[in-house]
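Visitor: Okay, so here is entry_10.txt, and as you'll see once you scroll down, it has compact mmCIF, C-alpha atoms and all ligand atoms.
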# COMPACT_ATOMS: atom_id res chain seq x y z
CA MET A 256 0.22 3.61 1.85
CA PRO A 257 2.28 3.33 -1.29
CA SER A 258 5.47 2.05 0.39
CA ARG A 259 6.03 -0.91 -1.96
CA ARG A 260 8.45 -0.59 -4.82
CA ILE A 261 6.46 0.12 -7.96
CA PRO A 262 7.26 -2.34 -10.80
CA ASP A 263 9.04 -0.51 -13.66
CA LEU A 264 6.35 -1.40 -16.20
CA PHE A 265 3.69 0.22 -14.04
CA ARG A 266 5.57 3.38 -13.03
CA GLY A 267 3.38 6.49 -13.44
CA ALA A 268 0.42 4.49 -14.73
CA VAL A 269 -3.23 5.38 -14.28
CA ILE A 270 -5.46 2.30 -13.93
CA THR A 271 -9.25 2.60 -13.93
CA ILE A 272 -11.68 -0.07 -12.72
CA ASP A 273 -15.39 0.44 -13.39
CA GLY A 274 -18.43 -1.78 -13.08
CA PRO A 275 -21.77 -2.20 -11.32
CA ALA A 276 -22.27 -2.59 -7.56
CA GLY A 277 -21.11 -5.99 -6.32
CA SER A 278 -18.87 -6.73 -9.30
CA GLY A 279 -15.85 -6.87 -7.00
CA LYS A 280 -14.37 -3.50 -8.00
CA SER A 281 -13.57 -2.15 -4.55
CA THR A 282 -11.76 -5.19 -3.20
CA THR A 283 -9.92 -5.74 -6.44
CA ALA A 284 -8.90 -2.09 -6.76
CA ARG A 285 -7.72 -1.95 -3.16
CA LEU A 286 -5.65 -5.15 -3.40
CA LEU A 287 -4.24 -4.26 -6.82
CA ALA A 288 -3.19 -0.82 -5.55
CA ALA A 289 -1.49 -2.43 -2.52
CA ARG A 290 0.32 -4.92 -4.75
CA LEU A 291 1.61 -2.17 -7.04
CA GLY A 292 2.40 0.39 -4.34
CA PHE A 293 -0.22 2.68 -5.91
CA GLU A 294 -2.72 5.04 -4.35
CA TYR A 295 -6.28 3.71 -4.32
CA VAL A 296 -9.01 6.23 -5.11
CA ASP A 297 -12.52 4.99 -4.28
CA THR A 298 -14.71 7.45 -6.20
CA GLY A 299 -17.96 5.89 -4.92
CA ALA A 300 -16.90 6.80 -1.37
CA MET A 301 -16.79 10.45 -2.45
CA TYR A 302 -20.36 10.35 -3.78
CA ARG A 303 -21.36 8.66 -0.55
CA ALA A 304 -19.66 11.37 1.56
CA VAL A 305 -21.57 14.14 -0.27
CA THR A 306 -24.77 12.14 0.29
CA LEU A 307 -24.07 11.71 4.01
CA LEU A 308 -23.37 15.41 4.51
CA ALA A 309 -26.47 16.39 2.48
CA ASP A 310 -28.60 14.01 4.53
CA ARG A 311 -27.24 15.33 7.81
CA LEU A 312 -27.97 18.89 6.73
CA GLY A 313 -31.54 17.94 5.81
CA THR A 314 -30.98 18.90 2.17
CA ASP A 315 -33.63 18.39 -0.49
CA LEU A 316 -31.71 15.96 -2.72
CA ASP A 317 -33.69 16.91 -5.81
CA ARG A 318 -32.70 20.58 -5.68
CA GLU A 319 -29.40 21.31 -7.37
CA PRO A 320 -28.88 24.75 -5.68
CA ASP A 321 -29.27 23.09 -2.27
CA LEU A 322 -26.73 20.44 -3.21
CA GLU A 323 -24.37 23.17 -4.41
CA ALA A 324 -24.48 24.60 -0.88
CA VAL A 325 -23.52 21.15 0.43
CA LEU A 326 -20.56 21.05 -1.98
CA LYS A 327 -19.35 24.38 -0.59
CA GLU A 328 -19.49 22.83 2.88
CA MET A 329 -17.57 19.81 1.57
CA GLU A 330 -14.74 21.91 0.23
CA GLY A 331 -13.13 22.68 3.55
CA ARG A 332 -14.19 19.52 5.33
CA PHE A 333 -13.64 16.57 3.01
CA ARG A 334 -10.41 14.61 3.32
CA THR A 335 -9.30 11.08 2.50
CA ALA A 336 -6.39 8.97 3.67
CA GLN A 337 -4.99 5.60 2.69
CA GLY A 338 -5.71 3.05 5.43
CA ASP A 339 -4.92 -0.66 5.65
CA GLY A 340 -8.50 -1.60 4.80
CA GLY A 341 -8.78 0.90 1.93
CA MET A 342 -9.46 4.61 1.55
CA ARG A 343 -10.70 6.30 4.73
CA VAL A 344 -13.03 9.26 4.45
CA TYR A 345 -13.21 12.26 6.80
CA LEU A 346 -15.64 15.13 7.13
CA GLY A 347 -13.91 17.76 9.21
CA GLY A 348 -12.14 15.77 11.90
CA GLU A 349 -14.71 12.95 11.88
CA ASP A 350 -13.94 9.57 10.31
CA VAL A 351 -17.15 8.71 8.42
CA THR A 352 -15.83 5.64 6.56
CA ASP A 353 -18.47 3.39 8.16
CA GLN A 354 -21.32 5.92 8.17
CA ILE A 355 -21.20 6.28 4.37
CA ARG A 356 -22.01 2.57 3.90
CA THR A 357 -25.37 2.26 5.62
CA PRO A 358 -28.48 1.02 3.71
CA ARG A 359 -29.86 4.57 3.96
CA ILE A 360 -26.90 6.04 2.09
CA ASP A 361 -27.10 3.10 -0.38
CA ARG A 362 -30.64 4.25 -1.13
CA LEU A 363 -29.95 7.97 -1.42
CA VAL A 364 -26.62 8.02 -3.24
CA SER A 365 -27.89 7.42 -6.78
CA ALA A 366 -30.10 10.52 -6.65
CA VAL A 367 -27.23 12.67 -5.40
CA SER A 368 -24.73 11.31 -7.92
CA ALA A 369 -27.06 12.08 -10.85
CA HIS A 370 -26.62 15.85 -10.36
CA PRO A 371 -24.17 17.44 -12.83
CA ALA A 372 -22.93 19.91 -10.18
CA VAL A 373 -22.00 17.06 -7.82
CA ARG A 374 -20.27 15.13 -10.61
CA ALA A 375 -18.33 18.16 -11.85
CA PHE A 376 -17.11 18.90 -8.33
CA LEU A 377 -15.96 15.34 -7.64
CA VAL A 378 -14.56 14.63 -11.12
CA LYS A 379 -12.29 17.67 -10.79
CA TRP A 380 -11.04 16.40 -7.48
CA GLN A 381 -10.54 12.86 -8.84
CA ARG A 382 -8.57 14.15 -11.83
CA GLN A 383 -6.25 16.06 -9.50
CA ARG A 384 -5.58 12.83 -7.64
CA ALA A 385 -4.91 10.97 -10.90
CA ALA A 386 -2.63 13.60 -12.39
CA ALA A 387 0.54 12.33 -10.72
CA GLY A 388 -0.06 8.71 -11.84
CA ASN A 389 0.67 5.60 -9.74
CA VAL A 390 -3.02 5.38 -9.02
CA VAL A 391 -5.94 2.93 -9.25
CA LEU A 392 -9.28 4.73 -9.59
CA GLU A 393 -12.44 2.77 -9.04
CA GLY A 394 -16.06 3.69 -9.79
CA ARG A 395 -18.58 3.95 -12.62
CA ASP A 396 -17.09 6.53 -14.99
CA THR A 397 -13.38 6.56 -14.16
CA GLY A 398 -12.38 5.10 -17.56
CA THR A 399 -14.91 7.09 -19.59
CA VAL A 400 -15.16 10.55 -17.98
CA VAL A 401 -12.57 11.00 -15.21
CA CYS A 402 -9.55 9.54 -17.01
CA PRO A 403 -10.42 8.73 -20.62
CA GLY A 404 -6.68 8.71 -21.33
CA GLY A 405 -6.00 6.11 -18.61
CA ASP A 406 -3.25 3.55 -19.33
CA ALA A 407 -5.26 0.42 -18.53
CA LYS A 408 -9.04 0.42 -18.19
CA ILE A 409 -10.83 -2.51 -16.63
CA TYR A 410 -14.57 -3.14 -16.62
CA LEU A 411 -15.71 -5.77 -14.13
CA GLU A 412 -19.05 -7.50 -14.34
CA ALA A 413 -20.78 -10.42 -12.59
CA SER A 414 -24.21 -12.05 -12.64
CA LEU A 415 -26.97 -10.32 -10.66
CA GLY A 416 -27.38 -13.32 -8.31
CA GLU A 417 -23.69 -13.45 -7.48
CA ARG A 418 -23.50 -9.70 -6.92
CA ALA A 419 -26.46 -9.86 -4.53
CA ARG A 420 -24.90 -12.79 -2.62
CA ARG A 421 -21.64 -10.86 -2.21
CA ARG A 422 -23.41 -7.78 -0.86
CA ILE A 423 -25.33 -9.88 1.68
CA ARG A 424 -22.22 -11.74 2.81
CA GLU A 425 -20.34 -8.44 3.15
CA ARG A 426 -22.95 -7.38 5.66
CA GLY A 427 -22.62 -10.71 7.51
CA GLU A 428 -26.23 -11.71 6.77
CA SER A 429 -27.50 -15.06 5.50
CA ASP A 430 -28.32 -15.32 1.79
CA ASP A 431 -31.69 -17.07 2.07
CA ALA A 432 -34.17 -16.70 -0.77
CA ARG A 433 -36.01 -13.63 0.55
CA PRO A 434 -33.11 -11.32 1.40
CA LEU A 435 -31.45 -12.47 -1.82
CA ALA A 436 -34.44 -11.47 -3.95
CA GLN A 437 -34.64 -8.16 -2.08
CA GLU A 438 -30.95 -7.45 -2.65
CA GLU A 439 -31.31 -8.30 -6.36
CA ASP A 440 -34.12 -5.73 -6.55
CA ASN A 441 -31.97 -3.10 -4.83
CA LEU A 442 -29.07 -3.77 -7.16
CA GLN A 443 -31.26 -3.66 -10.25
CA ARG A 444 -32.70 -0.33 -9.16
CA ARG A 445 -29.23 1.07 -8.59
CA ASP A 446 -27.94 -0.37 -11.91
CA ARG A 447 -30.79 1.32 -13.74
CA ALA A 448 -30.17 4.66 -12.03
CA ASP A 449 -26.39 4.46 -12.56
CA SER A 450 -26.62 3.40 -16.21
CA GLY A 451 -29.57 5.57 -17.17
CA ARG A 452 -28.43 8.97 -15.94
CA ALA A 453 -27.44 11.65 -18.43
CA HIS A 454 -24.13 12.59 -16.78
CA GLY A 455 -21.31 10.12 -16.18
CA PRO A 456 -23.43 6.98 -16.62
CA LEU A 457 -22.04 3.52 -15.96
CA ARG A 458 -20.78 2.16 -19.27
CA GLN A 459 -17.75 0.43 -20.70
CA ALA A 460 -15.04 2.52 -22.30
CA ALA A 461 -14.48 1.47 -25.93
CA ASP A 462 -10.97 0.30 -25.02
CA ALA A 463 -11.88 -1.29 -21.68
CA ILE A 464 -10.85 -4.86 -20.87
CA VAL A 465 -13.98 -6.66 -19.68
CA ILE A 466 -13.62 -9.33 -17.00
CA ASP A 467 -16.54 -11.38 -15.65
CA THR A 468 -15.86 -12.16 -11.99
CA SER A 469 -18.94 -14.36 -11.31
CA THR A 470 -16.91 -17.54 -10.80
CA LEU A 471 -13.62 -16.01 -9.66
CA SER A 472 -12.24 -15.89 -6.12
CA ILE A 473 -10.83 -12.56 -4.90
CA GLU A 474 -7.28 -13.80 -5.53
CA GLU A 475 -8.18 -14.90 -9.06
CA GLN A 476 -9.89 -11.58 -9.72
CA VAL A 477 -6.87 -9.55 -8.65
CA GLU A 478 -4.57 -11.79 -10.66
CA ALA A 479 -6.76 -11.49 -13.78
CA VAL A 480 -6.84 -7.69 -13.49
CA PHE A 481 -3.10 -7.50 -12.81
CA ARG A 482 -2.33 -9.61 -15.92
CA ALA A 483 -4.73 -7.59 -18.07
CA CYS A 484 -3.06 -4.34 -16.99
CA GLU A 485 0.38 -5.83 -17.54
CA ASN A 486 -0.54 -6.84 -21.11
CA ARG A 487 -2.05 -3.46 -21.86
CA LEU A 488 0.97 -1.59 -20.49
CA ARG A 489 3.43 -3.84 -22.35
CA ALA A 490 1.59 -3.19 -25.61
CA LYS A 491 1.46 0.52 -24.88
CA ARG A 492 5.09 0.93 -23.84
CA GLY A 493 6.14 -1.22 -26.80
CA ASP A 494 4.14 0.92 -29.21
CA GLY A 495 5.24 4.22 -27.74
O1 LIG A 501 -19.28 1.92 -5.71
P1 LIG A 501 -20.26 2.41 -4.68
O2 LIG A 501 -21.41 1.47 -4.45
O3 LIG A 501 -19.63 2.82 -3.39
O4 LIG A 501 -20.89 3.74 -5.31
C1 LIG A 501 -21.93 4.43 -4.69
C2 LIG A 501 -22.76 5.20 -5.70
O5 LIG A 501 -22.02 6.31 -6.17
C3 LIG A 501 -23.22 4.44 -6.92
O6 LIG A 501 -24.53 3.94 -6.78
C4 LIG A 501 -23.18 5.45 -8.03
C5 LIG A 501 -22.28 6.53 -7.53
N1 LIG A 501 -21.00 6.60 -8.24
C6 LIG A 501 -20.98 7.35 -9.37
O7 LIG A 501 -22.01 7.89 -9.78
N2 LIG A 501 -19.82 7.52 -10.06
C7 LIG A 501 -18.69 6.93 -9.64
N3 LIG A 501 -17.55 7.12 -10.32
C8 LIG A 501 -18.71 6.12 -8.48
C9 LIG A 501 -19.90 5.96 -7.80
Could you take the file, read its structure, and then write that structure out as structure tokens?
Ligand code: DC

Guide:
Amino acid sequence: MPSRRIPDLFRGAVITIDGPAGSGKSTTARLLAARLGFEYVDTGAMYRAVTLLADRLGTDLDREPDLEAVLKEMEGRFRTAQGDGGMRVYLGGEDVTDQIRTPRIDRLVSAVSAHPAVRAFLVKWQRQRAAAGNVVLEGRDTGTVVCPGGDAKIYLEASLGERARRRIRERGESDDARPLAQEEDNLQRRDRADSGRAHGPLRQAADAIVIDTSTLSIEEQVEAVFRACENRLRAKRGDG
């Protein structure tokens, strides 16, 4: 709900935030967007929505033509809206914001997001959202593929142990040794799949500002990203 007055320096800007799972991207992007009066575009949620629909339709996730049929279904049904807690996702009239975050979708989403047809479909949609500016996009390839001309590109990282602890706490579970080791395995598997794929892999843009969030609180993270964007925009506006 971009009702806040946008600071002059930021007007029209496109900010991208990429990084691995658990690096703090989503929370940071959401809070930064709220602070700036920007729209928040959670690109991971879009890959998750395709995965949920494909799973519901019993699609073979390895077959690109079958996934293309799912994308056709998505076209008329997929919708997002800005909610207080972030971007809400709808399929037809159904709010699937919670259903796209189950462990099952966590497991399946990397396979779906590796398909070029899926990426092309969603990247097009994401670029349309970014075209008007005043937007924070968050994902894996938003600074490299979706908006390579973005005004300020952030790459967040954090240690594997800290990322696993955050994921477990998000789910309200206790971070004892066993679940922690299991979560680290899951994250490593997803990191490998996200970084190793041929299309839109997770990587830093050459001009990205890298911030390690391992020891930062949420407030500190948002502040660090805000300052980094401010510096980048000042330099840019000054140069231009
Ligand atoms: O950020 P997330 O965990 O909600 O993302 C879910 C998955 O979607 C992630 O494992 C990889 C994929 N993804 C992607 O391929 N490209 C993006 N820009 C965002 C997410």

Visitor: For Leu415 of chain A, which residue among A:Leu287, A:Val465, A:Leu442, A:Val269 is the nearest when counting all atoms listed in the file?

Guide: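 With all atoms listed in the file as the atom set, the closest residue is A:Leu442.
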
Visitor: Grab me every residue within 7 Å of ligand LIG 501 (chain A), counting all atoms listed in the file, and send it over as a PDB file with C-alpha atoms, in the frame of the given file.

Guide:
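Heads up, here's the output in selection.pdb:
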ATOM      1  CA  ALA A 276     -22.270  -2.590  -7.560  1.00  0.00           C
ATOM      2  CA  THR A 298     -14.710   7.450  -6.200  1.00  0.00           C
ATOM      3  CA  GLY A 299     -17.960   5.890  -4.920  1.00  0.00           C
ATOM      4  CA  ALA A 300     -16.900   6.800  -1.370  1.00  0.00           C
ATOM      5  CA  TYR A 302     -20.360  10.350  -3.780  1.00  0.00           C
ATOM      6  CA  ARG A 303     -21.360   8.660  -0.550  1.00  0.00           C
ATOM      7  CA  ASP A 361     -27.100   3.100  -0.380  1.00  0.00           C
ATOM      8  CA  VAL A 364     -26.620   8.020  -3.240  1.00  0.00           C
ATOM      9  CA  SER A 365     -27.890   7.420  -6.780  1.00  0.00           C
ATOM     10  CA  SER A 368     -24.730  11.310  -7.920  1.00  0.00           C
ATOM     11  CA  ALA A 369     -27.060  12.080 -10.850  1.00  0.00           C
ATOM     12  CA  GLU A 393     -12.440   2.770  -9.040  1.00  0.00           C
ATOM     13  CA  GLY A 394     -16.060   3.690  -9.790  1.00  0.00           C
ATOM     14  CA  ARG A 395     -18.580   3.950 -12.620  1.00  0.00           C
ATOM     15  CA  ASP A 396     -17.090   6.530 -14.990  1.00  0.00           C
ATOM     16  CA  THR A 397     -13.380   6.560 -14.160  1.00  0.00           C
ATOM     17  CA  ARG A 445     -29.230   1.070  -8.590  1.00  0.00           C
ATOM     18  CA  ASP A 449     -26.390   4.460 -12.560  1.00  0.00           C
ATOM     19  CA  GLY A 455     -21.310  10.120 -16.180  1.00  0.00           C
TER      20      GLY A 455
END

Visitor: For a test of reading the model, state the distance in Å between atom CA of Phe376 of chain A and atom CA of Val401 of chain A, rounded to one decimal.

Guide: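 Going from atom CA of Phe376 of chain A over to atom CA of Val401 of chain A covers 11.4 Å.
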
Visitor: Mind checking which residues fall within 12 Å of Val480 of chain A, counting only C-alpha atoms, ignoring those fewer than 4 positions away in the same chain, and posting them as number ranges by chain?

Guide: A: 270-273, 279-280, 282-288, 290-291, 391, 407-411, 463-468, 471, 473-476, 484-487

Visitor: Could you check the closest approach to Ser469 of chain A for each of A:Arg421, A:Arg452, A:Lys491, A:Arg426 and tell me which residue wins, using all atoms listed in the file?

Guide: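 The closest residue to Ser469 of chain A is A:Arg421.
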
Visitor: For the atom pair atom CA of Gly331 of chain A and atom CA of Ala366 of chain A, what is the interatomic distance in Å to one decimal place?

Guide: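 Computing it gives 23.2 Å between the two atoms.
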
Visitor: Rounded to one decimal, what separation in Å do you get between atom CA of Gly340 of chain A and atom CA of Gly398 of chain A?

Guide: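 Rounded to one decimal, the two atoms are 23.7 Å apart.
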